[in-house]
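Participant: This is model.txt (compact mmCIF, C-alpha atoms).
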# COMPACT_ATOMS: atom_id res chain seq x y z
CA MET F 1 89.86 119.84 113.37
CA LEU F 2 88.14 117.37 111.01
CA TYR F 3 88.06 119.90 108.18
CA HIS F 4 91.86 120.22 108.25
CA ILE F 5 92.50 116.49 108.16
CA THR F 6 90.06 115.81 105.32
CA VAL F 7 89.15 118.47 102.74
CA PRO F 8 92.60 119.85 101.77
CA GLN F 9 94.22 116.41 101.68
CA PHE F 10 91.26 114.83 99.85
CA ILE F 11 91.58 117.55 97.20
CA LYS F 12 95.30 116.87 96.91
CA MET F 13 94.80 113.12 96.57
CA LEU F 14 92.11 113.56 93.90
CA HIS F 15 94.51 115.76 91.94
CA ASN F 16 97.14 113.02 92.31
CA LEU F 17 94.61 110.47 91.05
CA GLY F 18 93.95 112.60 87.97
CA HIS F 19 97.69 112.88 87.46
CA ILE F 20 98.33 109.11 87.47
CA LEU F 21 95.42 108.69 85.04
CA ASP F 22 97.10 111.20 82.71
CA LYS F 23 100.27 109.12 82.88
CA ALA F 24 98.20 106.02 82.14
CA GLU F 25 96.70 107.69 79.08
CA ALA F 26 100.15 108.66 77.79
CA HIS F 27 101.23 105.06 78.35
CA SER F 28 98.21 103.73 76.41
CA LYS F 29 99.08 105.96 73.45
CA GLU F 30 102.73 104.95 73.51
CA LYS F 31 101.90 101.25 73.72
CA LYS F 32 99.01 101.61 71.26
CA PHE F 33 96.15 100.19 73.28
CA GLU F 34 92.73 101.62 74.06
CA MET F 35 92.57 103.47 77.37
CA ASN F 36 89.12 101.94 77.85
CA VAL F 37 90.71 98.51 78.21
CA LEU F 38 92.72 99.78 81.16
CA LEU F 39 89.69 101.55 82.65
CA ASN F 40 87.83 98.23 82.63
CA THR F 41 90.74 96.28 84.12
CA HIS F 42 90.41 94.63 87.52
CA LEU F 43 93.33 93.77 89.79
CA THR F 44 91.65 90.41 90.20
CA PRO F 45 88.25 89.50 88.72
CA ASN F 46 86.28 89.79 91.96
CA MET F 47 87.58 93.26 92.79
CA PHE F 48 86.24 96.49 91.30
CA SER F 49 87.46 97.76 87.94
CA LEU F 50 89.57 100.90 87.65
CA ILE F 51 86.42 102.86 86.71
CA ARG F 52 84.70 101.81 89.95
CA GLN F 53 87.81 102.48 92.05
CA ILE F 54 87.84 106.06 90.74
CA GLN F 55 84.10 106.53 91.26
CA ILE F 56 84.26 105.18 94.82
CA ALA F 57 87.29 107.34 95.66
CA CYS F 58 85.32 110.39 94.50
CA ASP F 59 82.22 109.36 96.42
CA THR F 60 84.20 108.66 99.58
CA ALA F 61 85.60 112.20 99.53
CA LYS F 62 82.25 113.75 98.60
CA LEU F 63 80.18 111.86 101.16
CA CYS F 64 82.65 112.33 103.99
CA THR F 65 82.53 116.07 103.41
CA SER F 66 78.75 116.27 103.05
CA ARG F 67 78.04 114.05 106.05
CA LEU F 68 80.44 115.87 108.38
CA SER F 69 78.90 119.21 107.42
CA GLY F 70 75.34 117.89 107.52
CA LYS F 71 74.67 118.95 103.94
CA GLU F 72 73.01 117.00 101.15
CA ALA F 73 75.57 115.79 98.60
CA PRO F 74 74.95 116.00 94.86
CA VAL F 75 74.05 112.59 93.42
CA ASN F 76 76.29 110.91 90.86
CA ASP F 77 74.84 108.17 88.69
CA ASP F 78 78.20 106.43 88.14
CA SER F 79 77.68 106.37 84.38
CA GLU F 80 81.27 107.32 83.48
CA LYS F 81 82.81 105.06 80.86
CA THR F 82 85.66 107.11 79.37
CA LEU F 83 88.71 108.89 80.71
CA PRO F 84 87.32 112.39 79.98
CA GLU F 85 84.15 111.48 81.87
CA LEU F 86 86.17 110.17 84.81
CA LYS F 87 88.46 113.20 84.80
CA ASN F 88 85.31 115.33 84.86
CA ARG F 89 83.97 113.34 87.82
CA ILE F 90 87.22 113.97 89.69
CA HIS F 91 87.10 117.66 88.76
CA GLN F 92 83.47 117.99 89.91
CA THR F 93 84.34 116.35 93.21
CA ILE F 94 87.28 118.68 93.79
CA THR F 95 85.06 121.70 93.01
CA TYR F 96 82.49 120.39 95.49
CA LEU F 97 85.11 119.94 98.22
CA GLU F 98 86.53 123.41 97.53
CA SER F 99 83.12 124.92 98.24
CA PHE F 100 83.48 124.02 101.94
CA LYS F 101 85.05 126.19 104.60
CA GLU F 102 86.26 125.26 108.06
CA GLY F 103 83.10 126.77 109.57
CA ASP F 104 80.92 124.28 107.69
CA PHE F 105 82.37 121.56 109.92
CA GLU F 106 81.12 123.12 113.16
CA GLY F 107 80.15 120.27 115.49
CA ALA F 108 81.34 117.63 113.02
CA GLU F 109 83.34 115.66 115.62
CA THR F 110 80.26 114.60 117.55
CA ARG F 111 77.73 114.58 114.72
CA HIS F 112 76.01 111.21 114.30
CA ILE F 113 76.96 109.80 110.90
CA THR F 114 74.97 106.97 109.41
CA GLN F 115 74.20 105.41 106.05
CA PRO F 116 71.40 103.11 104.90
CA ARG F 117 73.43 99.91 105.10
CA TRP F 118 74.22 100.53 108.79
CA GLU F 119 70.58 99.83 109.69
CA GLY F 120 70.10 102.74 112.06
CA LYS F 121 73.47 102.49 113.77
CA TYR F 122 75.86 105.42 113.69
CA LEU F 123 79.44 106.54 114.19
CA THR F 124 80.51 109.89 115.56
CA GLY F 125 81.98 112.25 112.99
CA SER F 126 85.47 111.64 114.37
CA GLU F 127 85.12 107.86 114.28
CA PHE F 128 83.64 107.94 110.79
CA THR F 129 86.44 110.17 109.48
CA LEU F 130 89.40 108.39 111.06
CA GLN F 131 88.27 104.77 110.89
CA HIS F 132 86.11 104.74 107.77
CA ALA F 133 86.40 107.63 105.30
CA ILE F 134 90.17 108.26 105.35
CA PRO F 135 91.18 104.56 105.16
CA ASN F 136 88.62 104.02 102.39
CA LEU F 137 89.82 106.98 100.33
CA TYR F 138 93.42 105.79 100.45
CA PHE F 139 92.37 102.22 99.76
CA HIS F 140 90.58 103.03 96.50
CA ILE F 141 93.29 105.40 95.27
CA SER F 142 95.88 102.74 96.13
CA MET F 143 93.89 100.13 94.19
CA ALA F 144 93.72 102.46 91.18
CA TYR F 145 97.49 102.86 91.51
CA ALA F 146 97.94 99.09 91.80
CA ILE F 147 95.89 98.43 88.65
CA LEU F 148 97.94 100.96 86.67
CA ARG F 149 101.29 99.88 88.05
CA SER F 150 100.63 96.18 87.49
CA ASN F 151 99.73 97.00 83.89
CA GLY F 152 103.00 98.71 83.12
CA VAL F 153 102.21 102.37 83.74
CA GLU F 154 105.38 104.01 85.04
CA ILE F 155 104.26 105.68 88.23
CA GLY F 156 105.88 105.78 91.62
CA LYS F 157 105.22 106.71 95.22
CA LYS F 158 105.81 110.39 94.44
CA ASP F 159 102.91 110.35 92.00
CA TYR F 160 100.68 108.85 94.68
CA LEU F 161 101.75 111.26 97.41
CA GLY F 162 102.02 114.38 95.25
CA GLU F 163 104.22 117.38 95.98
CA MET F 164 105.47 117.88 99.53
CA PRO F 165 105.60 121.43 100.93
CA TYR F 166 109.26 121.08 101.92
CA LYS F 167 110.88 124.06 103.62
CA LYS F 168 114.53 124.98 104.12
CA MET P 169 95.37 116.65 117.82
CA LEU P 170 98.02 114.66 115.91
CA TYR P 171 98.14 111.94 118.54
CA HIS P 172 94.42 111.24 118.08
CA ILE P 173 94.59 110.97 114.30
CA THR P 174 97.65 108.70 114.29
CA VAL P 175 98.48 106.38 117.19
CA PRO P 176 95.09 104.73 117.91
CA GLN P 177 94.27 104.28 114.22
CA PHE P 178 97.79 103.07 113.36
CA ILE P 179 97.46 100.44 116.09
CA LYS P 180 94.09 99.39 114.69
CA MET P 181 95.42 99.12 111.14
CA LEU P 182 98.44 97.07 112.25
CA HIS P 183 96.06 94.67 114.01
CA ASN P 184 94.04 94.47 110.78
CA LEU P 185 97.24 93.73 108.87
CA GLY P 186 98.05 90.88 111.25
CA HIS P 187 94.51 89.60 110.78
CA ILE P 188 94.68 89.45 106.98
CA LEU P 189 98.05 87.67 107.28
CA ASP P 190 96.37 85.08 109.52
CA LYS P 191 93.73 84.57 106.83
CA ALA P 192 96.51 84.23 104.26
CA GLU P 193 98.20 81.57 106.35
CA ALA P 194 94.95 79.61 106.68
CA HIS P 195 94.56 79.89 102.90
CA SER P 196 98.10 78.60 102.32
CA LYS P 197 97.39 75.54 104.46
CA GLU P 198 94.09 74.85 102.75
CA LYS P 199 95.62 75.19 99.29
CA LYS P 200 98.80 73.38 100.34
CA PHE P 201 101.44 75.91 99.42
CA GLU P 202 104.27 77.40 101.46
CA MET P 203 103.36 80.69 103.14
CA ASN P 204 106.90 81.87 102.32
CA VAL P 205 106.01 81.86 98.62
CA LEU P 206 103.23 84.35 99.29
CA LEU P 207 105.49 86.44 101.56
CA ASN P 208 107.95 86.78 98.69
CA THR P 209 105.27 87.62 96.12
CA HIS P 210 105.26 91.01 94.39
CA LEU P 211 102.17 92.61 92.85
CA THR P 212 104.41 93.31 89.88
CA PRO P 213 108.14 92.56 89.76
CA ASN P 214 109.31 96.15 90.25
CA MET P 215 107.20 96.71 93.35
CA PHE P 216 108.11 95.57 96.85
CA SER P 217 107.34 92.05 98.04
CA LEU P 218 104.73 91.36 100.69
CA ILE P 219 107.53 91.11 103.29
CA ARG P 220 108.75 94.62 102.43
CA GLN P 221 105.21 96.03 102.38
CA ILE P 222 104.71 94.77 105.93
CA GLN P 223 108.09 96.06 107.12
CA ILE P 224 107.49 99.49 105.57
CA ALA P 225 103.98 99.71 107.04
CA CYS P 226 105.48 99.01 110.48
CA ASP P 227 108.27 101.53 109.99
CA THR P 228 105.88 104.20 108.74
CA ALA P 229 103.82 103.90 111.93
CA LYS P 230 106.90 103.70 114.17
CA LEU P 231 108.76 106.61 112.60
CA CYS P 232 105.73 108.88 112.42
CA THR P 233 105.19 108.37 116.13
CA SER P 234 108.83 108.80 117.11
CA ARG P 235 109.36 111.86 114.93
CA LEU P 236 106.23 113.66 116.11
CA SER P 237 107.21 113.07 119.72
CA GLY P 238 110.89 113.91 119.15
CA LYS P 239 112.03 110.54 120.48
CA GLU P 240 114.57 108.15 119.04
CA ALA P 241 112.88 105.11 117.51
CA PRO P 242 114.16 101.57 118.02
CA VAL P 243 116.01 100.33 114.94
CA ASN P 244 114.74 97.32 112.99
CA ASP P 245 117.12 95.48 110.70
CA ASP P 246 114.37 94.24 108.36
CA SER P 247 115.64 90.67 108.60
CA GLU P 248 112.18 89.06 108.86
CA LYS P 249 111.69 86.16 106.47
CA THR P 250 108.84 84.11 107.97
CA LEU P 251 105.29 84.81 109.04
CA PRO P 252 106.03 84.42 112.78
CA GLU P 253 108.88 86.91 112.43
CA LEU P 254 106.64 89.36 110.58
CA LYS P 255 103.82 88.92 113.09
CA ASN P 256 106.37 89.64 115.80
CA ARG P 257 107.49 92.79 113.98
CA ILE P 258 103.87 93.97 113.85
CA HIS P 259 103.41 93.11 117.52
CA GLN P 260 106.58 94.98 118.53
CA THR P 261 105.44 98.02 116.57
CA ILE P 262 102.02 97.99 118.23
CA THR P 263 103.67 97.73 121.67
CA TYR P 264 105.91 100.67 120.80
CA LEU P 265 102.93 102.79 119.68
CA GLU P 266 101.00 101.87 122.80
CA SER P 267 103.82 103.27 124.95
CA PHE P 268 102.91 106.81 123.80
CA LYS P 269 100.43 109.11 125.46
CA GLU P 270 98.77 112.24 124.14
CA GLY P 271 101.19 114.37 126.17
CA ASP P 272 104.18 112.97 124.26
CA PHE P 273 102.88 114.83 121.20
CA GLU P 274 103.12 118.28 122.82
CA GLY P 275 104.19 120.72 120.09
CA ALA P 276 104.08 118.03 117.39
CA GLU P 277 102.04 120.14 114.93
CA THR P 278 104.82 122.66 114.41
CA ARG P 279 107.82 120.42 115.05
CA HIS P 280 110.26 120.32 112.13
CA ILE P 281 110.31 116.80 110.73
CA THR P 282 113.11 115.71 108.44
CA GLN P 283 114.82 112.58 107.23
CA PRO P 284 118.20 112.00 105.58
CA ARG P 285 116.88 111.75 102.03
CA TRP P 286 115.25 115.20 102.30
CA GLU P 287 118.71 116.81 102.30
CA GLY P 288 118.10 119.25 105.11
CA LYS P 289 114.58 120.23 104.13
CA TYR P 290 111.70 119.69 106.51
CA LEU P 291 107.94 119.47 106.88
CA THR P 292 105.97 120.62 109.87
CA GLY P 293 104.57 117.82 112.02
CA SER P 294 101.09 118.44 110.65
CA GLU P 295 102.22 118.39 107.03
CA PHE P 296 104.32 115.28 107.58
CA THR P 297 101.45 113.45 109.26
CA LEU P 298 98.67 114.37 106.86
CA GLN P 299 100.52 114.40 103.54
CA HIS P 300 103.23 111.79 104.12
CA ALA P 301 102.84 109.35 107.01
CA ILE P 302 99.09 108.63 106.87
CA PRO P 303 98.93 108.21 103.05
CA ASN P 304 102.04 106.00 103.19
CA LEU P 305 100.70 103.76 105.93
CA TYR P 306 97.47 103.14 104.04
CA PHE P 307 99.36 102.65 100.80
CA HIS P 308 101.55 99.84 102.13
CA ILE P 309 98.73 98.08 103.96
CA SER P 310 96.61 98.37 100.79
CA MET P 311 99.45 96.87 98.75
CA ALA P 312 99.73 93.98 101.21
CA TYR P 313 95.98 93.52 100.83
CA ALA P 314 96.26 93.68 97.03
CA ILE P 315 98.99 91.02 96.95
CA LEU P 316 96.90 88.68 99.11
CA ARG P 317 93.64 89.32 97.33
CA SER P 318 95.14 88.88 93.87
CA ASN P 319 96.56 85.55 95.04
CA GLY P 320 93.23 84.14 96.08
CA VAL P 321 93.10 84.95 99.80
CA GLU P 322 89.47 85.58 100.68
CA ILE P 323 89.56 88.93 102.39
CA GLY P 324 87.30 91.93 101.97
CA LYS P 325 87.02 95.58 102.85
CA LYS P 326 85.84 94.74 106.36
CA ASP P 327 89.13 92.94 107.04
CA TYR P 328 91.04 96.00 105.88
CA LEU P 329 88.96 98.49 107.90
CA GLY P 330 88.49 96.33 110.99
CA GLU P 331 85.62 96.63 113.45
CA MET P 332 83.63 99.85 113.51
CA PRO P 333 82.48 101.22 116.89
CA TYR P 334 78.84 101.42 115.76
CA LYS P 335 76.35 102.79 118.26
CA LYS P 336 72.58 102.52 118.40
Take the structure in the file and write it out as structure tokens.
Facilitator:
Amino acid sequence: MLYHITVPQFIKMLHNLGHILDKAEAHSKEKKFEMNVLLNTHLTPNMFSLIRQIQIACDTAKLCTSRLSGKEAPVNDDSEKTLPELKNRIHQTITYLESFKEGDFEGAETRHITQPRWEGKYLTGSEFTLQHAIPNLYFHISMAYAILRSNGVEIGKKDYLGEMPYKK
Amino acid sequence: MLYHITVPQFIKMLHNLGHILDKAEAHSKEKKFEMNVLLNTHLTPNMFSLIRQIQIACDTAKLCTSRLSGKEAPVNDDSEKTLPELKNRIHQTITYLESFKEGDFEGAETRHITQPRWEGKYLTGSEFTLQHAIPNLYFHISMAYAILRSNGVEIGKKDYLGEMPYKK
């Protein structure tokens, strides 16, 4: 169950994130400003910059997947400073997620998930996914969206949600 | 399956939304400004105000639940203008969600979900939940958070996520 509610949708949302960044780049060229200025913009000074929002969104998807499957995740050093580097980070994360199959999530619901800052405490895989990973992923992608939108990039809810598999 | 990934977590997130609004109200009193100013604030002028973000978050949770269970949802006229009215809207929505049981979601995964603006097209219940309702709920709560945070309300990720059921 947890595979189906995470991996395919995480991949979709990371594609959507790449897509709104492409629109932001087109906007920066049209308005003649450096994309790096936008990448280093914060919604408010004590929130993370756009660069960090993207990195954390990628890590949230990566670490949710690795933890639920009990596999070691590749380490990222968060050194990205340019749009091509960030697009590459997103691409790498998508490739990583695509390497997982439903069977890799065997027993994920009840697996004990922890991280260093939890000081030995844990959540079950289901709790971690529903109450921590999914809300966090959407939060950081929404903050990236908010930074772009509040700086004049013309994006809308459809860009955030991506294509819907409508049927007739 | 869909009940477990929606109703309990939607209720939790609506409680969290009420909680950050309480913090915003305390902030407005401390800084001596009218809470209504904040409620009518937009992150950027062509995005929805805080009032609308709250109303849409409530409707997203309500309509996801009613559509998946095939029940008619109560209609809200979106007339809220004050914090008590908005807190009441959140409370009403939580009460509505709490009236559902797992059994009400029988067959929800494959149920055809549609809405007027989709012009006769539909999504399956699973598609609607994972690709539409859940991302939308987190989007609007994140935008409410972003409006508050960028206007000086001291809230953090823990307020957005709420309590975690950590175990030892």
Participant: Neighbours of Asn244 in chain P within 9 Å (all atoms listed in the file; same-chain residues fewer than 2 positions away dropped), as number ranges by chain?
Facilitator: P: 223, 227, 242, 246-247, 257
Participant: I'd like to know which of P:Glu331, P:Glu198, P:Glu270, P:Glu253 is closest to chain F, using all atoms listed in the file.
Facilitator: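 Ranked by minimum distance to chain F, first place goes to P:Glu331.
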Participant: Near Gly320 in chain P, counting only C-alpha atoms, which residues have an atom at most 12 Å away, once you skip same-chain residues fewer than 3 positions from it, shown as an MDAnalysis selection string?
Facilitator: (chainID F and resid 43:47) or (chainID P and resid 191:196 198:199 206 313:317 323:324)
Participant: Where does chain P meet chain F within 7 Å, residue by residue, with the nearest atom pair and distance in Å to one decimal for each, counting only C-alpha atoms, listed by chain and rising number, as CSV?
Facilitator:
residue,atom,partner,partner_atom,distance
P:Ile173,CA,F:Leu130,CA,6.6
P:Gln177,CA,F:Gln131,CA,6.9
P:Leu211,CA,F:Ser150,CA,6.6
P:Thr212,CA,F:Ser150,CA,5.3
P:Gly288,CA,F:Lys168,CA,6.8
P:Lys289,CA,F:Lys168,CA,4.8
P:Tyr290,CA,F:Lys167,CA,5.3
P:Leu291,CA,F:Tyr166,CA,5.4
P:Leu298,CA,F:Ile5,CA,6.7
P:Gln299,CA,F:Gln9,CA,6.9
P:His300,CA,F:Leu161,CA,6.9
P:Pro303,CA,F:Tyr138,CA,6.6
P:Tyr306,CA,F:Tyr138,CA,6.0
P:Phe307,CA,F:Ser142,CA,5.8
P:Ser310,CA,F:Phe139,CA,5.8
P:Ser318,CA,F:Thr44,CA,5.3
P:Leu329,CA,F:His132,CA,6.9
P:Pro333,CA,F:Leu123,CA,6.7
P:Tyr334,CA,F:Leu123,CA,5.4
P:Lys335,CA,F:Tyr122,CA,5.3
P:Lys336,CA,F:Lys121,CA,4.7
Participant: Could you tell me how far CA of Phe48 in chain F sits from CA of Leu86 in chain F, in Å to one decimal place?
Facilitator: 15.1 Å
